[in-house]
Structure formats: C-alpha cells, structure tokens
file entry.cif (mmCIF, C-alpha atoms and all ligand atoms)
data_target
loop_
_atom_site.label_atom_id
_atom_site.label_comp_id
_atom_site.auth_asym_id
_atom_site.auth_seq_id
_atom_site.Cartn_x
_atom_site.Cartn_y
_atom_site.Cartn_z
CA MET A 1 -29.47 13.31 23.62
CA ASN A 2 -26.58 12.68 21.21
CA ARG A 3 -24.22 11.94 24.09
CA LEU A 4 -26.77 9.59 25.67
CA ALA A 5 -27.15 7.76 22.37
CA LEU A 6 -23.36 7.47 22.07
CA ASN A 7 -23.13 6.09 25.61
CA ILE A 8 -25.83 3.51 24.94
CA LYS A 9 -24.10 2.50 21.71
CA ALA A 10 -20.79 1.99 23.52
CA ASN A 11 -22.46 0.03 26.34
CA TYR A 12 -24.32 -2.13 23.85
CA ASN A 13 -21.03 -2.98 22.13
CA LEU A 14 -19.41 -3.81 25.48
CA LEU A 15 -22.33 -6.09 26.43
CA SER A 16 -22.23 -7.85 23.05
CA ILE A 17 -18.48 -8.43 23.33
CA ASN A 18 -18.95 -9.79 26.87
CA ARG A 19 -21.66 -12.20 25.71
CA TRP A 20 -19.46 -13.31 22.81
CA LEU A 21 -16.53 -13.93 25.20
CA ALA A 22 -18.80 -15.86 27.62
CA MET A 23 -20.04 -18.03 24.74
CA ARG A 24 -16.49 -18.85 23.61
CA LEU A 25 -15.34 -19.60 27.15
CA ASP A 26 -18.40 -21.79 27.77
CA ALA A 27 -17.64 -23.69 24.58
CA ILE A 28 -14.00 -24.28 25.65
CA GLY A 29 -15.14 -25.25 29.19
CA ASN A 30 -17.73 -27.66 27.80
CA ILE A 31 -15.13 -29.32 25.57
CA ILE A 32 -12.92 -29.84 28.66
CA VAL A 33 -15.84 -31.34 30.69
CA PHE A 34 -16.86 -33.52 27.76
CA GLY A 35 -13.26 -34.69 27.25
CA THR A 36 -12.86 -35.53 30.94
CA SER A 37 -16.16 -37.43 31.04
CA LEU A 38 -15.29 -39.36 27.90
CA LEU A 39 -11.85 -40.33 29.24
CA SER A 40 -13.44 -41.40 32.55
CA VAL A 41 -15.89 -43.66 30.76
CA VAL A 42 -13.11 -45.20 28.64
CA TYR A 43 -10.91 -45.55 31.75
CA VAL A 44 -13.55 -47.27 33.87
CA HIS A 45 -15.50 -49.29 31.30
CA GLY A 46 -13.01 -49.77 28.51
CA LEU A 47 -9.93 -50.55 30.60
CA GLY A 48 -11.84 -51.71 33.70
CA LYS A 49 -9.71 -49.55 35.99
CA GLY A 50 -10.33 -46.77 38.56
CA ASP A 51 -13.22 -46.28 40.93
CA ALA A 52 -16.42 -44.22 40.80
CA ALA A 53 -15.27 -41.71 43.48
CA LEU A 54 -12.14 -40.70 41.52
CA VAL A 55 -14.13 -40.41 38.29
CA GLY A 56 -16.72 -38.21 40.02
CA LEU A 57 -13.97 -36.03 41.50
CA SER A 58 -12.26 -35.51 38.14
CA VAL A 59 -15.51 -34.55 36.41
CA LEU A 60 -16.26 -32.16 39.29
CA PHE A 61 -12.82 -30.57 38.93
CA SER A 62 -13.26 -30.16 35.20
CA VAL A 63 -16.53 -28.27 35.85
CA GLU A 64 -14.67 -26.11 38.39
CA LEU A 65 -11.94 -25.53 35.79
CA LYS A 66 -14.57 -24.05 33.49
CA HIS A 67 -15.52 -21.42 36.12
CA LEU A 68 -11.85 -20.76 36.86
CA LEU A 69 -11.21 -20.16 33.16
CA HIS A 70 -14.03 -17.59 33.09
CA LYS A 71 -12.73 -15.78 36.15
CA SER A 72 -9.07 -15.75 35.14
CA ILE A 73 -9.73 -14.50 31.58
CA ARG A 74 -12.01 -11.71 32.88
CA PHE A 75 -9.49 -10.79 35.55
CA TYR A 76 -6.68 -10.72 32.96
CA ALA A 77 -8.75 -8.53 30.57
CA GLU A 78 -9.63 -6.07 33.35
CA MET A 79 -6.04 -5.88 34.51
CA GLU A 80 -4.85 -5.29 30.95
CA ASN A 81 -7.44 -2.51 30.67
CA SER A 82 -6.40 -0.86 33.90
CA MET A 83 -2.72 -1.16 33.04
CA THR A 84 -3.21 1.20 30.07
CA HIS A 85 -4.15 3.90 32.63
CA VAL A 86 -0.99 3.14 34.61
CA GLU A 87 1.01 3.29 31.38
CA SER A 88 -0.49 6.69 30.43
CA ALA A 89 0.06 8.05 33.95
CA THR A 90 3.72 6.96 33.87
CA GLU A 91 4.14 8.57 30.47
CA TYR A 92 2.62 11.85 31.69
CA THR A 93 5.00 11.96 34.66
CA ARG A 94 7.88 11.87 32.17
CA LEU A 95 6.56 14.84 30.16
CA LEU A 96 8.13 18.20 30.81
CA PRO A 97 5.43 20.65 31.95
CA GLU A 98 4.41 23.34 29.46
CA ALA A 99 4.76 27.02 30.32
CA ASP A 100 1.85 28.76 32.10
CA THR A 101 -1.29 29.29 30.02
CA VAL A 102 -1.62 32.89 31.17
CA ILE A 103 0.90 34.95 33.15
CA GLU A 104 -1.28 37.54 34.90
CA ASP A 105 1.36 40.26 35.33
CA GLN A 106 2.82 39.68 31.88
CA ARG A 107 0.00 39.94 29.38
CA PRO A 108 0.31 41.44 25.87
CA LYS A 109 -1.34 44.77 25.14
CA ASP A 110 -4.85 44.67 23.70
CA GLY A 111 -4.72 44.26 19.95
CA TRP A 112 -1.14 42.88 19.91
CA PRO A 113 0.26 42.28 17.35
CA VAL A 114 -0.84 45.38 15.44
CA GLN A 115 1.56 45.09 12.49
CA GLY A 116 2.51 41.41 12.37
CA MET A 117 6.28 41.88 12.13
CA LEU A 118 8.09 38.66 12.89
CA GLU A 119 11.72 38.16 13.78
CA PHE A 120 13.76 35.09 14.68
CA LYS A 121 16.98 36.05 16.49
CA ASN A 122 19.68 33.37 16.77
CA TYR A 123 16.88 30.92 17.50
CA SER A 124 17.69 27.26 18.23
CA ALA A 125 15.38 24.53 19.52
CA ARG A 126 15.37 20.77 19.96
CA TYR A 127 12.58 18.30 20.60
CA ARG A 128 14.13 16.83 23.73
CA ASN A 129 17.44 16.45 25.48
CA GLY A 130 19.81 14.09 23.77
CA VAL A 131 18.58 14.68 20.19
CA ASP A 132 20.10 17.07 17.65
CA PRO A 133 18.55 20.56 17.48
CA ALA A 134 15.82 20.68 14.81
CA LEU A 135 16.36 24.43 14.33
CA LYS A 136 19.85 25.87 14.49
CA ASP A 137 20.71 29.51 15.02
CA LEU A 138 17.96 30.94 12.80
CA SER A 139 17.97 34.70 12.24
CA PHE A 140 15.55 36.33 9.80
CA ARG A 141 12.96 39.06 9.75
CA VAL A 142 9.54 39.14 8.09
CA LEU A 143 8.10 42.60 7.49
CA PRO A 144 4.42 43.36 8.23
CA GLY A 145 2.14 42.03 5.52
CA GLN A 146 4.86 40.09 3.71
CA LYS A 147 4.08 36.70 2.23
CA ILE A 148 6.92 34.28 2.85
CA GLY A 149 7.33 30.89 1.24
CA ILE A 150 9.29 28.32 3.25
CA VAL A 151 10.80 25.33 1.46
CA GLY A 152 13.40 22.66 2.09
CA ARG A 153 13.92 18.94 1.74
CA ALA A 154 12.00 16.46 3.93
CA GLY A 155 13.19 16.69 7.53
CA ALA A 156 14.89 20.07 6.97
CA GLY A 157 12.96 21.69 9.83
CA LYS A 158 10.05 23.48 8.12
CA SER A 159 7.28 22.16 10.38
CA SER A 160 9.49 22.69 13.44
CA LEU A 161 9.26 26.42 12.62
CA THR A 162 5.47 26.22 13.06
CA LEU A 163 5.90 24.36 16.35
CA ALA A 164 8.44 26.97 17.51
CA LEU A 165 6.03 29.81 16.73
CA SER A 166 3.20 28.20 18.69
CA ARG A 167 5.71 27.25 21.42
CA ILE A 168 5.03 23.55 21.24
CA ILE A 169 8.82 23.34 21.22
CA GLU A 170 10.56 25.99 23.30
CA ALA A 171 13.70 27.97 22.49
CA GLU A 172 16.99 26.52 23.65
CA SER A 173 18.61 29.83 22.81
CA GLY A 174 17.59 32.97 20.95
CA GLN A 175 14.21 34.62 20.63
CA ILE A 176 11.13 34.95 18.46
CA LEU A 177 9.82 38.51 18.37
CA VAL A 178 6.36 39.48 17.16
CA ASP A 179 6.05 43.25 16.71
CA GLY A 180 9.25 43.50 18.75
CA GLU A 181 7.85 41.54 21.73
CA ASP A 182 9.56 38.31 22.78
CA ILE A 183 6.81 35.66 22.69
CA SER A 184 8.46 33.60 25.45
CA GLN A 185 7.54 36.23 28.06
CA TYR A 186 3.79 35.62 27.62
CA GLY A 187 1.56 32.71 28.63
CA LEU A 188 0.82 30.07 26.00
CA PHE A 189 -2.83 31.11 25.61
CA ASP A 190 -1.83 34.72 24.88
CA VAL A 191 0.67 33.61 22.22
CA ARG A 192 -1.37 30.89 20.55
CA SER A 193 -4.59 32.87 20.44
CA LYS A 194 -2.84 35.62 18.46
CA LEU A 195 -1.63 33.35 15.69
CA SER A 196 -3.56 31.43 13.08
CA ILE A 197 -1.98 28.15 12.14
CA ILE A 198 -3.41 25.76 9.58
CA THR A 199 -1.65 22.44 9.14
CA LYS A 200 -2.15 19.51 6.79
CA ASP A 201 -3.86 17.62 9.64
CA SER A 202 -6.93 19.85 9.76
CA MET A 203 -7.87 20.34 13.41
CA LEU A 204 -11.57 19.65 13.76
CA PHE A 205 -13.06 18.35 16.98
CA SER A 206 -16.30 16.74 18.01
CA GLY A 207 -18.96 19.47 18.28
CA THR A 208 -21.12 21.62 16.03
CA VAL A 209 -19.81 23.49 12.98
CA ARG A 210 -20.34 26.69 14.94
CA GLU A 211 -18.28 25.44 17.91
CA ASN A 212 -15.53 24.37 15.53
CA LEU A 213 -15.38 27.81 13.95
CA ASP A 214 -15.86 29.84 17.10
CA PRO A 215 -14.96 27.72 20.16
CA PHE A 216 -15.08 30.71 22.56
CA ASN A 217 -18.42 31.97 21.26
CA ARG A 218 -17.10 35.42 20.40
CA TYR A 219 -18.70 36.01 17.01
CA SER A 220 -22.24 36.43 15.73
CA ASP A 221 -23.93 33.97 13.36
CA GLU A 222 -23.70 36.68 10.72
CA ASP A 223 -19.88 36.78 11.02
CA ILE A 224 -19.75 33.01 10.76
CA TRP A 225 -21.94 32.89 7.64
CA HIS A 226 -19.79 35.64 6.15
CA VAL A 227 -16.55 33.64 6.48
CA LEU A 228 -18.31 30.51 5.24
CA GLU A 229 -19.30 32.52 2.13
CA GLN A 230 -15.67 33.52 1.66
CA VAL A 231 -14.53 29.90 1.58
CA ASP A 232 -17.47 28.79 -0.55
CA LEU A 233 -19.05 26.57 2.12
CA ALA A 234 -22.09 28.67 3.10
CA GLU A 235 -24.38 27.03 0.54
CA HIS A 236 -23.25 23.59 1.66
CA PHE A 237 -24.28 24.22 5.29
CA ARG A 238 -27.46 26.15 4.38
CA ARG A 239 -28.68 22.99 2.70
CA LYS A 240 -28.24 20.98 5.94
CA ASP A 241 -31.23 20.82 8.30
CA LYS A 242 -29.16 21.82 11.29
CA ARG A 243 -27.11 24.45 9.44
CA LEU A 244 -24.46 25.80 11.88
CA GLU A 245 -25.54 23.22 14.47
CA PHE A 246 -24.53 20.38 12.13
CA MET A 247 -22.37 17.93 14.13
CA VAL A 248 -18.72 17.38 13.28
CA VAL A 249 -17.36 14.07 14.54
CA GLN A 250 -13.89 13.79 16.11
CA ASN A 251 -11.18 14.82 13.59
CA GLY A 252 -13.91 15.80 11.13
CA LYS A 253 -14.23 12.23 9.86
CA ASN A 254 -17.68 12.99 8.40
CA PHE A 255 -16.20 15.67 6.06
CA PRO A 256 -14.12 15.34 2.92
CA PHE A 257 -10.53 16.57 3.29
CA ARG A 258 -11.13 19.72 1.21
CA HIS A 259 -14.03 20.78 3.45
CA LYS A 260 -11.92 20.27 6.57
CA GLN A 261 -9.19 22.50 5.15
CA LEU A 262 -11.75 25.15 4.15
CA ILE A 263 -13.34 25.11 7.63
CA CYS A 264 -9.87 25.70 9.14
CA LEU A 265 -9.36 28.56 6.70
CA ALA A 266 -12.76 30.01 7.70
CA ARG A 267 -11.71 29.77 11.35
CA ALA A 268 -8.55 31.72 10.57
CA LEU A 269 -10.59 34.33 8.66
CA LEU A 270 -12.89 34.74 11.65
CA LYS A 271 -9.96 35.20 14.02
CA ARG A 272 -8.35 37.90 11.86
CA ALA A 273 -4.94 37.21 13.41
CA LYS A 274 -2.10 39.31 12.03
CA VAL A 275 0.18 36.32 11.54
CA LEU A 276 -0.99 33.31 9.55
CA VAL A 277 1.03 30.11 9.15
CA LEU A 278 0.05 27.56 6.52
CA ASP A 279 1.90 24.29 6.92
CA GLU A 280 1.67 22.18 3.75
CA ILE A 281 -2.08 22.70 3.59
CA THR A 282 -2.39 22.05 -0.11
CA SER A 283 -0.36 18.84 -0.21
CA ALA A 284 -3.46 16.63 -0.61
CA ILE A 285 -6.22 18.75 -2.11
CA ASP A 286 -7.62 19.13 -5.58
CA TYR A 287 -6.72 21.92 -7.99
CA ALA A 288 -10.00 23.89 -7.53
CA THR A 289 -9.70 24.00 -3.72
CA ASP A 290 -6.05 24.96 -4.02
CA LYS A 291 -7.03 27.87 -6.29
CA LEU A 292 -9.75 28.96 -3.85
CA ILE A 293 -7.34 28.90 -0.92
CA GLN A 294 -4.71 30.86 -2.88
CA LYS A 295 -7.29 33.46 -3.86
CA THR A 296 -8.59 33.81 -0.29
CA ILE A 297 -5.06 34.26 1.05
CA ARG A 298 -4.32 36.94 -1.56
CA THR A 299 -7.52 38.89 -0.99
CA GLU A 300 -8.64 38.31 2.59
CA PHE A 301 -5.22 38.06 4.23
CA LYS A 302 -3.76 40.92 2.23
CA SER A 303 -2.61 42.89 5.27
CA CYS A 304 -1.53 39.82 7.28
CA THR A 305 1.94 38.37 7.50
CA VAL A 306 1.72 34.92 5.94
CA LEU A 307 4.27 32.13 6.29
CA ARG A 308 3.55 29.38 3.83
CA ILE A 309 5.41 26.10 4.20
CA SER A 310 5.38 23.89 1.17
CA ASN A 311 6.95 20.73 -0.15
CA ARG A 312 6.35 21.97 -3.68
CA PRO A 313 8.71 24.91 -4.33
CA LYS A 314 6.65 26.01 -7.34
CA GLU A 315 3.67 26.69 -5.07
CA ILE A 316 5.44 29.51 -3.26
CA ILE A 317 7.12 31.10 -6.26
CA ASP A 318 4.84 34.16 -6.10
CA SER A 319 5.80 34.91 -2.47
CA ASP A 320 7.50 38.18 -1.54
CA MET A 321 10.45 36.28 -0.07
CA VAL A 322 11.57 32.66 0.00
CA LEU A 323 13.20 31.06 3.00
CA VAL A 324 15.09 27.87 2.19
CA ILE A 325 15.85 25.66 5.17
CA ASP A 326 18.48 22.96 5.08
CA ASP A 327 19.29 20.72 8.02
CA GLY A 328 17.67 23.12 10.49
CA ARG A 329 19.63 26.15 9.24
CA ILE A 330 18.76 28.99 6.89
CA ALA A 331 20.35 28.16 3.57
CA GLU A 332 18.86 31.08 1.61
CA TYR A 333 16.52 34.00 2.29
CA ASP A 334 15.80 36.28 -0.63
CA THR A 335 13.24 37.19 -3.26
CA PRO A 336 12.25 34.25 -5.51
CA GLN A 337 13.46 36.21 -8.58
CA LYS A 338 16.99 36.58 -7.15
CA LEU A 339 17.15 32.97 -6.00
CA LEU A 340 15.99 31.73 -9.41
CA ALA A 341 18.50 33.97 -11.22
CA ASN A 342 21.25 32.13 -9.35
CA LYS A 343 21.60 28.74 -11.05
CA LYS A 344 23.57 27.42 -8.06
CA SER A 345 21.00 28.35 -5.44
CA LEU A 346 19.38 25.55 -3.44
CA PHE A 347 15.97 26.96 -4.38
CA THR A 348 16.74 26.53 -8.12
CA LYS A 349 17.94 22.99 -7.40
CA LEU A 350 14.74 22.18 -5.48
CA ILE A 351 12.63 23.50 -8.37
CA GLU A 352 14.59 21.38 -10.86
CA GLU A 353 14.37 18.29 -8.64
CA ALA A 354 10.60 18.79 -8.36
CA LYS A 355 10.33 19.06 -12.19
CA ARG A 356 12.34 15.87 -12.68
CA SER A 357 10.27 13.90 -10.16
CA LYS A 358 7.00 14.70 -11.99
N1 LIG A 401 8.60 14.80 17.62
C1 LIG A 401 9.87 14.78 17.25
N2 LIG A 401 10.82 14.31 18.08
C2 LIG A 401 12.12 14.30 17.73
N3 LIG A 401 12.59 14.76 16.54
C3 LIG A 401 11.69 15.23 15.67
C4 LIG A 401 10.28 15.27 15.98
N4 LIG A 401 9.63 15.81 14.91
C5 LIG A 401 10.58 16.09 13.99
N5 LIG A 401 11.80 15.74 14.44
C6 LIG A 401 13.09 15.90 13.74
O1 LIG A 401 13.30 17.28 13.52
C7 LIG A 401 13.87 17.49 12.24
C8 LIG A 401 13.00 18.47 11.45
O2 LIG A 401 11.73 17.87 11.24
P1 LIG A 401 10.50 18.67 10.57
O3 LIG A 401 9.29 17.82 10.70
O4 LIG A 401 10.47 20.03 11.12
O5 LIG A 401 10.99 18.71 9.05
P2 LIG A 401 10.16 19.15 7.76
O6 LIG A 401 11.09 19.96 6.93
O7 LIG A 401 8.87 19.76 8.14
O8 LIG A 401 9.93 17.74 7.07
P3 LIG A 401 8.67 17.26 6.19
O9 LIG A 401 8.67 18.04 4.94
O10 LIG A 401 8.98 15.81 5.98
O11 LIG A 401 7.44 17.47 7.04
C9 LIG A 401 13.97 16.12 11.56
O12 LIG A 401 15.31 15.68 11.71
C10 LIG A 401 13.03 15.27 12.35
O13 LIG A 401 13.49 13.94 12.41
#

call {"tool": "encode", "arguments": {"input": "entry.cif", "output": "structure tokens"}}
result
Amino acid sequence: MNRLALNIKANYNLLSINRWLAMRLDAIGNIIVFGTSLLSVVYVHGLGKGDAALVGLSVLFSVELKHLLHKSIRFYAEMENSMTHVESATEYTRLLPEADTVIEDQRPKDGWPVQGMLEFKNYSARYRNGVDPALKDLSFRVLPGQKIGIVGRAGAGKSSLTLALSRIIEAESGQILVDGEDISQYGLFDVRSKLSIITKDSMLFSGTVRENLDPFNRYSDEDIWHVLEQVDLAEHFRRKDKRLEFMVVQNGKNFPFRHKQLICLARALLKRAKVLVLDEITSAIDYATDKLIQKTIRTEFKSCTVLRISNRPKEIIDSDMVLVIDDGRIAEYDTPQKLLANKKSLFTKLIEEAKRSK
C-alpha cells in the first residue's frame, strides 16, 4: 500500500508539472498568435497594404507555430530525460568491475574470524590509475581485542583504511590479514559480512526499522529489542504504533542524526562481528550520545578488535594503541602514553593543534 501511495504521489506530481508546462506554452503560443493578428490588422488597415490571403496564411502559421512549440519542448524534455540513462550507462562501462561476491571454492571457515587479529603487510592502494596512492606501504598489527585509535590530518588517509578493509579500494601491493587469512582471497560478501563498519554517513535505507537492523532476517524480535535496549532506543520504538515495523525513509531522513548513529551501532551489536571500525562517528553528535556510544563500545565490544578513526585526537586517548597516519604512511604506532611522553611526536603536535583551535 505504501509503495502504491508513493507511485500515485509521483504520478500526481508529474501530471501537475505537465499541466503547468502546457499552460505556460499555451500562454506563449497565444501571445505569438495575438501578436501576429495585431500586426496583420495594422499592416492591412493601418498601412493599407497586403492582401487577405497572406494575412490568413500568417495567422494560420502562427497557430501552427504554437503546436510546434509544444511538440519541440516536449521532445527536448524527453530526450534530456533519456540522455541521463545514456550518461549513466556510459559511466558504468568505465567502472572497473568489483571482485566476485562469493567465490564458491574459496570460502572462509564458519565462524571466521574467531580472534579478530588484524595485520596490514606492506599494503598500498590507490583510488584509480593515474592518481597518487592514498595508502603507502602500511605495515602494522592489531592484536585480538585491542582498541586502536587512528588519527591524522585531513586527507592523511584515515578513511581510505576503512575502504581498504571493506575492499572498496583494492590492494595495489601487500596484504590485509584477518586472523592470518588474506582477505583478498575471499569474495566480497564473505569479507564485508564479517566486519562491522560504522561511518559518519549513517547507512540507513528505505524499509522498516527491523529490515534496517537485520536485512537478512537472521535474528529474532527478542534479539532486536535487546540491542535496541543497549543503545537506549527501545523505549523510543515501543512508543511508536508500528514498533519494529516503523518505516525508515531513504537515508533515514525521518530520524535525527543521533538516532541514525545509534541504529547503526545496534546493527553492529546484532552482528557481533569480531572487527569493528568506527569512522569519525562522533564528529557531529551531542555529548550525551557520544558518552553512550563510548560506554557501549567499552562494555559490549569488549572482546572485539576496534579501530576508531577520529579527527579529534583527544577522543582516542584512552585507546590501547594509537596509529598516526601522515600522507598515506604510518607516522607513529605506539601506546598513547609513550606518544604523549615524546614532545616531538606528531600525536602530541596534533593534540596541541586541536587545543589551540578550540
Ligand atoms: N574517491 C577518491 N578518489 C580519488 N582520491 C581520493 C578519493 N577519496 C579520497 N581521495 C584521496 O585520498 C587521500 C586520503 O583521503 P582520506 O579520505 O582517506 O583522508 P582522511 O584522512 O580520511 O581525511 P578526512 O579526515 O578529511 O576525512 C586524499 O589525498 C584524498 O584526496
């Protein structure tokens, strides 16, 4: 029923726009006919020139011109519309195909990854041929359960790390190992479904709250209410008539930003992936939500390996290790205490710069 209503709404808008266009074109056409008739009258009666046949012909042509105007504008609009499809098709032909979704004879073992150990080995990647690599020869290891803070200046390559892990950009050289297994050997579905990634652009799609939390329908309503309790949203949805069937519009536009972030966090809790990546999730939320997210990560993701990317170095100061990226390379990788003890470290500089810019 909802889809039918949406379709009718869209058709109604299209009809209204068409009527509006017809009205405008009619008005222009009528002005032309009126102008021609007026000139003919002035020409014949005022100046005493011309003959009735020519006057009749010109008025007839001006009426024809009105129809021609209608047809040509409609034809132009339709062509313009269709050309966007041609444009998209041409663009798609230029895209490099992604790797296979699933490689049947190369699937990870059930339950992989068990520990959540992560290792980048001489890893480099670029967005496309002809541009500089965004990540250059990265080598570091994250032990199971460690909480890593990733910082660096704007454009240093922090978000590219997230894209590399989910294989949106592929390795040019080197490897990413999860529990010792090279992720490039598996299909994209097998890799992506084992990671939980939350970014600042909360990924919500058009569908019910339930579908947004559990798109593959793997969990019970009880599990879903449980994770909603954990992120403090259960009461909010219990108060709605449709509860878990409450509709989310595309990109979650009918939710405040903090709710969108919390729904993404609930989705990650439900998935119980061993590796969680948080990419600048707290850059635009209020203090209370930030606290709630921090607490949930500490308690509910205790045994998970967490990579937390942040533009605010202070936010990740309580991490087990801090990875500082500079121009796509690892500048520093150590405990926050050691990095702070070194007055010349880039991490100390970033903290001081952040203090000064407040
Ligand atoms: N889609 C893209 N195509 C080409 N180059 C890109 C693309 N996205 C990012 N880059 C480049 O890759 C480099 C690293 O960008 P990235 O977004 O990873 O940095 P970042 O540290 O996350 O920055 P920010 O804190 O501003 O988000 C930058 O030089 C950037 O210009």

call {"tool": "residues_near_ligand", "arguments": {"input": "entry.cif", "ligand": "ligand LIG 401 (chain A)", "cutoff": "7 Å", "atoms": "only C-alpha atoms and all ligand atoms", "output": "PDB file with C-alpha atoms, keeping the file's coordinate frame"}}
result
ATOM      1  CA  TYR A 127      12.580  18.300  20.600  1.00  0.00           C
ATOM      2  CA  ARG A 128      14.130  16.830  23.730  1.00  0.00           C
ATOM      3  CA  VAL A 131      18.580  14.680  20.190  1.00  0.00           C
ATOM      4  CA  ALA A 134      15.820  20.680  14.810  1.00  0.00           C
ATOM      5  CA  GLY A 152      13.400  22.660   2.090  1.00  0.00           C
ATOM      6  CA  ARG A 153      13.920  18.940   1.740  1.00  0.00           C
ATOM      7  CA  ALA A 154      12.000  16.460   3.930  1.00  0.00           C
ATOM      8  CA  GLY A 155      13.190  16.690   7.530  1.00  0.00           C
ATOM      9  CA  ALA A 156      14.890  20.070   6.970  1.00  0.00           C
ATOM     10  CA  GLY A 157      12.960  21.690   9.830  1.00  0.00           C
ATOM     11  CA  LYS A 158      10.050  23.480   8.120  1.00  0.00           C
ATOM     12  CA  SER A 159       7.280  22.160  10.380  1.00  0.00           C
ATOM     13  CA  SER A 160       9.490  22.690  13.440  1.00  0.00           C
ATOM     14  CA  LEU A 161       9.260  26.420  12.620  1.00  0.00           C
ATOM     15  CA  ASN A 311       6.950  20.730  -0.150  1.00  0.00           C
ATOM     16  CA  GLY A 328      17.670  23.120  10.490  1.00  0.00           C
TER      17      GLY A 328
END

call {"tool": "atom_distance", "arguments": {"input": "entry.cif", "atom1": "atom CA of A:Glu229", "atom2": "atom CA of A:Ser193"}}
result
23.5 Å

call {"tool": "atom_distance", "arguments": {"input": "entry.cif", "atom1": "atom CA of A:Met23", "atom2": "atom CA of A:Lys71"}}
result
13.7 Å

call {"tool": "atom_distance", "arguments": {"input": "entry.cif", "atom1": "atom CA of A:Asp320", "atom2": "atom CA of A:Ile148"}}
result
5.9 Å

call {"tool": "residues_around", "arguments": {"input": "entry.cif", "residues": "A:Val33", "least_positions_apart": "2", "cutoff": "8 Å", "atoms": "all atoms listed in the file", "output": "VMD selection string"}}
result
chain A and resid 29 to 31 35 to 37 59 62 to 63 66

call {"tool": "write_last_selection", "arguments": {"input": "entry.cif", "atoms": "C-alpha atoms", "output": "CSV table (one decimal), keeping the file's coordinate frame"}}
result
chain,number,residue,atom,x,y,z
A,29,GLY,CA,-15.1,-25.2,29.2
A,30,ASN,CA,-17.7,-27.7,27.8
A,31,ILE,CA,-15.1,-29.3,25.6
A,35,GLY,CA,-13.3,-34.7,27.2
A,36,THR,CA,-12.9,-35.5,30.9
A,37,SER,CA,-16.2,-37.4,31.0
A,59,VAL,CA,-15.5,-34.6,36.4
A,62,SER,CA,-13.3,-30.2,35.2
A,63,VAL,CA,-16.5,-28.3,35.8
A,66,LYS,CA,-14.6,-24.0,33.5

call {"tool": "closest_residue", "arguments": {"input": "entry.cif", "among": "A:Val151, A:Leu244, A:Ile169, A:Leu15", "to": "A:Glu211", "atoms": "all atoms listed in the file"}}
result
A:Leu244

call {"tool": "build_atoms", "arguments": {"input": "entry.cif", "residues": "stretch 201-216 of chain A", "atoms": "N, CA, C and O atoms", "output": "tab-separated table (two decimals), in the frame of the given file"}}
result
chain	number	residue	atom	x	y	z
A	201	ASP	N	-2.91	18.43	8.86
A	201	ASP	CA	-3.86	17.62	9.64
A	201	ASP	C	-4.90	18.59	10.19
A	201	ASP	O	-4.74	19.09	11.30
A	202	SER	N	-5.93	18.84	9.38
A	202	SER	CA	-6.93	19.85	9.76
A	202	SER	C	-7.49	19.55	11.15
A	202	SER	O	-7.93	18.44	11.42
A	203	MET	N	-7.45	20.55	12.03
A	203	MET	CA	-7.87	20.34	13.41
A	203	MET	C	-9.36	20.58	13.57
A	203	MET	O	-9.79	21.72	13.74
A	204	LEU	N	-10.14	19.53	13.48
A	204	LEU	CA	-11.57	19.65	13.76
A	204	LEU	C	-11.87	18.74	14.94
A	204	LEU	O	-11.28	17.68	15.08
A	205	PHE	N	-12.75	19.17	15.81
A	205	PHE	CA	-13.06	18.35	16.98
A	205	PHE	C	-14.55	18.05	17.02
A	205	PHE	O	-15.34	18.63	16.27
A	206	SER	N	-14.91	17.15	17.92
A	206	SER	CA	-16.30	16.74	18.01
A	206	SER	C	-17.13	17.89	18.60
A	206	SER	O	-16.83	18.39	19.67
A	207	GLY	N	-18.14	18.32	17.87
A	207	GLY	CA	-18.96	19.47	18.28
A	207	GLY	C	-19.68	19.99	17.05
A	207	GLY	O	-19.58	19.39	15.96
A	208	THR	N	-20.40	21.10	17.19
A	208	THR	CA	-21.12	21.62	16.03
A	208	THR	C	-20.15	22.39	15.12
A	208	THR	O	-19.04	22.71	15.53
A	209	VAL	N	-20.62	22.70	13.91
A	209	VAL	CA	-19.81	23.49	12.98
A	209	VAL	C	-19.50	24.84	13.63
A	209	VAL	O	-18.38	25.35	13.58
A	210	ARG	N	-20.51	25.39	14.30
A	210	ARG	CA	-20.34	26.69	14.94
A	210	ARG	C	-19.24	26.64	16.01
A	210	ARG	O	-18.35	27.48	16.07
A	211	GLU	N	-19.29	25.57	16.85
A	211	GLU	CA	-18.28	25.44	17.91
A	211	GLU	C	-16.88	25.26	17.31
A	211	GLU	O	-15.89	25.74	17.87
A	212	ASN	N	-16.82	24.57	16.16
A	212	ASN	CA	-15.53	24.37	15.53
A	212	ASN	C	-14.95	25.67	14.98
A	212	ASN	O	-13.74	25.87	14.95
A	213	LEU	N	-15.86	26.55	14.52
A	213	LEU	CA	-15.38	27.81	13.95
A	213	LEU	C	-15.13	28.85	15.04
A	213	LEU	O	-14.21	29.66	14.94
A	214	ASP	N	-15.94	28.80	16.08
A	214	ASP	CA	-15.86	29.84	17.10
A	214	ASP	C	-15.96	29.19	18.49
A	214	ASP	O	-16.98	29.30	19.18
A	215	PRO	N	-14.87	28.50	18.92
A	215	PRO	CA	-14.96	27.72	20.16
A	215	PRO	C	-15.24	28.58	21.40
A	215	PRO	O	-15.80	28.10	22.37
A	216	PHE	N	-14.87	29.86	21.36
A	216	PHE	CA	-15.08	30.71	22.56
A	216	PHE	C	-16.34	31.57	22.44
A	216	PHE	O	-16.54	32.50	23.22
